[in-house]
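This report refers to the structure that appears directly beneath it.
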Amino acid sequence: MSNESMSFKGLRLLIVDDDADTRTLLTFLFELEGAELITAASADDALEIISLFKPDILISDLYLPDEDGCSLLLKVRNLEAKRGRKIPAIALTASALDEDRNRALLAGYNIYRCKPIDLDELVSAVASLAKLEEYV
């Protein structure tokens, strides 16, 4: 991580990844920066959570055990459209294939990032989507 600090105070994140280590790492990272977040290990869990939590940004793995991240995003966007909202979304995946990247972006993800996760890049991507300003 860089020496720059970011304030995500008040920002609500939903992180969806079937890998427990990834969920733990991202929880630590974003809670350290002041964000409020909930994690889910599956698309089904994420859909349950989203109705109660109302996140500002979705960060999701593309390859989930019960459903892929692209169809999850479509369901999330449909649910949020009924509330008059559109949640920005970041796709995370171990796949660096152009086909997966294109599919994710066409599905509506705003940003596509490959694993292993570059934490500085991910923090910057979240800040960009949240339209937050950095301070040192």
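If you're wondering about the labels, chains in the structure tokens are A, B, ... by order shown, residues count from 1 in each chain, ligands from 1 in order shown.
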
Could you pull out the strand (DSSP E) residues of segment 7-129 of chain A, going by DSSP on the backbone, and write them as a short mmCIF file (atom, residue, chain, number, x, y, z; two decimals) with N, CA, C and O atoms, in the first residue's frame?
```cif
data_model
loop_
_atom_site.label_atom_id
_atom_site.label_comp_id
_atom_site.auth_asym_id
_atom_site.auth_seq_id
_atom_site.Cartn_x
_atom_site.Cartn_y
_atom_site.Cartn_z
N ARG A 12 -20.47 2.61 1.80
CA ARG A 12 -20.97 1.26 2.06
C ARG A 12 -20.60 0.34 0.89
O ARG A 12 -20.96 0.62 -0.24
N LEU A 13 -19.87 -0.73 1.20
CA LEU A 13 -19.40 -1.67 0.18
C LEU A 13 -20.00 -3.05 0.41
O LEU A 13 -20.09 -3.50 1.55
N LEU A 14 -20.34 -3.71 -0.68
CA LEU A 14 -20.70 -5.12 -0.64
C LEU A 14 -19.64 -5.86 -1.43
O LEU A 14 -19.44 -5.58 -2.62
N ILE A 15 -18.95 -6.78 -0.76
CA ILE A 15 -17.89 -7.57 -1.38
C ILE A 15 -18.37 -9.00 -1.50
O ILE A 15 -18.75 -9.62 -0.51
N VAL A 16 -18.37 -9.52 -2.73
CA VAL A 16 -18.85 -10.87 -2.99
C VAL A 16 -17.71 -11.68 -3.58
O VAL A 16 -17.22 -11.39 -4.67
N GLU A 36 -17.92 1.11 5.63
CA GLU A 36 -18.80 0.13 6.24
C GLU A 36 -19.02 -0.93 5.16
O GLU A 36 -19.29 -0.59 4.01
N LEU A 37 -18.86 -2.19 5.52
CA LEU A 37 -19.02 -3.20 4.48
C LEU A 37 -19.57 -4.50 5.02
O LEU A 37 -19.51 -4.78 6.22
N ILE A 38 -20.13 -5.23 4.09
CA ILE A 38 -20.61 -6.58 4.36
C ILE A 38 -20.05 -7.45 3.24
O ILE A 38 -19.95 -7.02 2.09
N THR A 39 -19.70 -8.68 3.58
CA THR A 39 -19.20 -9.62 2.58
C THR A 39 -20.19 -10.75 2.39
O THR A 39 -20.98 -11.06 3.28
N ALA A 40 -20.12 -11.36 1.22
CA ALA A 40 -20.95 -12.51 0.90
C ALA A 40 -20.09 -13.51 0.15
O ALA A 40 -19.20 -13.13 -0.62
N ILE A 57 -21.28 0.67 -3.48
CA ILE A 57 -20.46 0.03 -4.51
C ILE A 57 -20.45 -1.47 -4.29
O ILE A 57 -20.37 -1.94 -3.16
N LEU A 58 -20.54 -2.21 -5.38
CA LEU A 58 -20.44 -3.67 -5.37
C LEU A 58 -19.07 -4.06 -5.90
O LEU A 58 -18.65 -3.57 -6.96
N ILE A 59 -18.37 -4.93 -5.17
CA ILE A 59 -17.11 -5.52 -5.64
C ILE A 59 -17.35 -7.02 -5.66
O ILE A 59 -17.62 -7.62 -4.63
N SER A 60 -17.29 -7.62 -6.85
CA SER A 60 -17.65 -9.03 -6.96
C SER A 60 -16.68 -9.82 -7.82
O SER A 60 -16.24 -9.36 -8.87
N ASP A 61 -16.40 -11.04 -7.35
CA ASP A 61 -15.69 -12.02 -8.16
C ASP A 61 -16.61 -12.39 -9.32
O ASP A 61 -17.84 -12.39 -9.17
N ALA A 89 -20.01 -0.88 -9.97
CA ALA A 89 -19.52 -2.22 -9.66
C ALA A 89 -18.12 -2.46 -10.21
O ALA A 89 -17.78 -2.01 -11.30
N ILE A 90 -17.35 -3.21 -9.41
CA ILE A 90 -16.00 -3.61 -9.79
C ILE A 90 -15.96 -5.13 -9.88
O ILE A 90 -16.36 -5.81 -8.93
N ALA A 91 -15.49 -5.65 -11.01
CA ALA A 91 -15.33 -7.09 -11.19
C ALA A 91 -13.92 -7.49 -10.80
O ALA A 91 -12.95 -6.82 -11.17
N LEU A 92 -13.82 -8.56 -10.02
CA LEU A 92 -12.52 -9.14 -9.67
C LEU A 92 -12.50 -10.56 -10.20
O LEU A 92 -13.48 -11.28 -10.09
N THR A 93 -11.38 -10.97 -10.75
CA THR A 93 -11.28 -12.33 -11.25
C THR A 93 -9.84 -12.77 -11.36
O THR A 93 -8.93 -11.94 -11.47
N ILE A 111 -15.53 -1.31 -13.69
CA ILE A 111 -14.09 -1.53 -13.63
C ILE A 111 -13.83 -3.03 -13.53
O ILE A 111 -14.58 -3.75 -12.88
N TYR A 112 -12.78 -3.48 -14.19
CA TYR A 112 -12.38 -4.89 -14.21
C TYR A 112 -10.95 -4.99 -13.67
O TYR A 112 -10.06 -4.31 -14.17
N ARG A 113 -10.74 -5.81 -12.66
CA ARG A 113 -9.42 -6.00 -12.08
C ARG A 113 -9.12 -7.49 -11.93
O ARG A 113 -9.98 -8.26 -11.55
N CYS A 114 -7.88 -7.85 -12.22
CA CYS A 114 -7.45 -9.24 -12.11
C CYS A 114 -6.81 -9.50 -10.75
O CYS A 114 -6.22 -8.61 -10.15
#
```

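The shortest atom-to-atom distance to Pro88 of chain A, with only C-alpha atoms taken into account, belongs to A:Leu129 out of A:Leu26, A:Ala20, A:Leu129, A:Ala43.
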
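Candidate residues A:Ala81, A:Arg23, A:Ala35, A:Asp100 were compared for distance to Val126 of chain A, and the nearest is A:Ala35, using only C-alpha atoms.
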
With DSSP run on the backbone, what are the helix (DSSP H, G or I) residues within chain A? I'd like them as JSON, numbers by chain. {"A": [20, 21, 22, 23, 24, 25, 26, 27, 28, 29, 30, 31, 32, 43, 44, 45, 46, 47, 48, 49, 50, 51, 52, 53, 69, 70, 71, 72, 73, 74, 75, 76, 77, 78, 79, 80, 81, 98, 99, 100, 101, 102, 103, 104, 105, 106, 107, 119, 120, 121, 122, 123, 124, 125, 126, 127, 128, 129, 130]}

Could the residues in this selection be written to a file with C-alpha atoms, as a JSON list (two decimals), in the first residue's frame?
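The result, written out as selection_2.json:
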```json
[["chain", "number", "residue", "atom", "x", "y", "z"],
["A", 20, "ALA", "CA", -12.51, -16.40, 2.47],
["A", 21, "ASP", "CA", -8.99, -14.95, 2.36],
["A", 22, "THR", "CA", -10.02, -12.38, -0.24],
["A", 23, "ARG", "CA", -13.06, -11.38, 1.83],
["A", 24, "THR", "CA", -10.88, -11.03, 4.95],
["A", 25, "LEU", "CA", -8.21, -8.98, 3.16],
["A", 26, "LEU", "CA", -10.71, -6.59, 1.58],
["A", 27, "THR", "CA", -12.64, -6.25, 4.83],
["A", 28, "PHE", "CA", -9.46, -5.27, 6.65],
["A", 29, "LEU", "CA", -8.38, -2.90, 3.89],
["A", 30, "PHE", "CA", -11.62, -0.97, 3.56],
["A", 31, "GLU", "CA", -12.59, -0.95, 7.24],
["A", 32, "LEU", "CA", -9.15, 0.50, 7.96],
["A", 43, "ALA", "CA", -24.61, -14.56, -5.30],
["A", 44, "ASP", "CA", -27.61, -15.80, -3.29],
["A", 45, "ASP", "CA", -26.15, -14.35, -0.09],
["A", 46, "ALA", "CA", -25.37, -11.08, -1.87],
["A", 47, "LEU", "CA", -28.93, -10.71, -3.12],
["A", 48, "GLU", "CA", -30.27, -11.25, 0.39],
["A", 49, "ILE", "CA", -27.86, -8.72, 1.83],
["A", 50, "ILE", "CA", -28.47, -6.06, -0.79],
["A", 51, "SER", "CA", -32.13, -5.71, 0.08],
["A", 52, "LEU", "CA", -31.19, -4.71, 3.64],
["A", 53, "PHE", "CA", -27.75, -3.13, 3.37],
["A", 69, "GLY", "CA", -20.85, -12.36, -11.30],
["A", 70, "CYS", "CA", -22.32, -11.03, -14.54],
["A", 71, "SER", "CA", -25.76, -12.46, -13.88],
["A", 72, "LEU", "CA", -25.47, -11.32, -10.24],
["A", 73, "LEU", "CA", -24.82, -7.76, -11.42],
["A", 74, "LEU", "CA", -27.86, -7.88, -13.71],
["A", 75, "LYS", "CA", -30.06, -8.94, -10.78],
["A", 76, "VAL", "CA", -28.55, -6.28, -8.51],
["A", 77, "ARG", "CA", -29.09, -3.58, -11.12],
["A", 78, "ASN", "CA", -32.71, -4.68, -11.62],
["A", 79, "LEU", "CA", -33.37, -4.57, -7.87],
["A", 80, "GLU", "CA", -31.72, -1.19, -7.48],
["A", 81, "ALA", "CA", -33.50, 0.29, -10.51],
["A", 98, "ASP", "CA", -9.82, -10.55, -22.89],
["A", 99, "GLU", "CA", -13.05, -12.52, -23.35],
["A", 100, "ASP", "CA", -13.82, -12.38, -19.60],
["A", 101, "ARG", "CA", -12.91, -8.71, -19.41],
["A", 102, "ASN", "CA", -15.17, -7.85, -22.35],
["A", 103, "ARG", "CA", -18.03, -9.96, -20.96],
["A", 104, "ALA", "CA", -17.79, -8.25, -17.56],
["A", 105, "LEU", "CA", -17.72, -4.75, -19.03],
["A", 106, "LEU", "CA", -20.61, -5.56, -21.37],
["A", 107, "ALA", "CA", -22.56, -6.90, -18.39],
["A", 119, "LEU", "CA", -4.55, -3.07, -3.29],
["A", 120, "ASP", "CA", -3.50, 0.45, -4.28],
["A", 121, "GLU", "CA", -5.25, 0.04, -7.63],
["A", 122, "LEU", "CA", -8.39, -1.28, -5.98],
["A", 123, "VAL", "CA", -8.51, 1.56, -3.45],
["A", 124, "SER", "CA", -8.08, 4.06, -6.30],
["A", 125, "ALA", "CA", -10.84, 2.37, -8.30],
["A", 126, "VAL", "CA", -13.24, 2.52, -5.34],
["A", 127, "ALA", "CA", -12.33, 6.17, -4.75],
["A", 128, "SER", "CA", -12.93, 6.93, -8.41],
["A", 129, "LEU", "CA", -16.35, 5.30, -8.35],
["A", 130, "ALA", "CA", -17.23, 7.00, -5.09]]
```

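Taking atom CA of Asp56 of chain A as the reference point, atom CA of Ser95 of chain A is found at 25.4 Å.
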
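From atom CA of Gly34 of chain A back to atom CA of Pro55 of chain A, the distance works out to 14.3 Å.
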
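Of the residues under consideration (A:Asp18, A:Ala94, A:Leu62, A:Gly84), A:Leu62 shows the shortest atom-to-atom contact distance to Tyr109 of chain A when counting only C-alpha atoms.
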
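With only C-alpha atoms as the atoms that count, the residue of A:Lys9, A:Lys131, A:Lys115, A:Arg85 with the shortest distance to Tyr63 of chain A is A:Lys115.
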
As an exercise, work out the distance from atom CA of Ala41 of chain A to atom CA of Pro116 of chain A in Å and give it to one decimal place. 17.9 Å
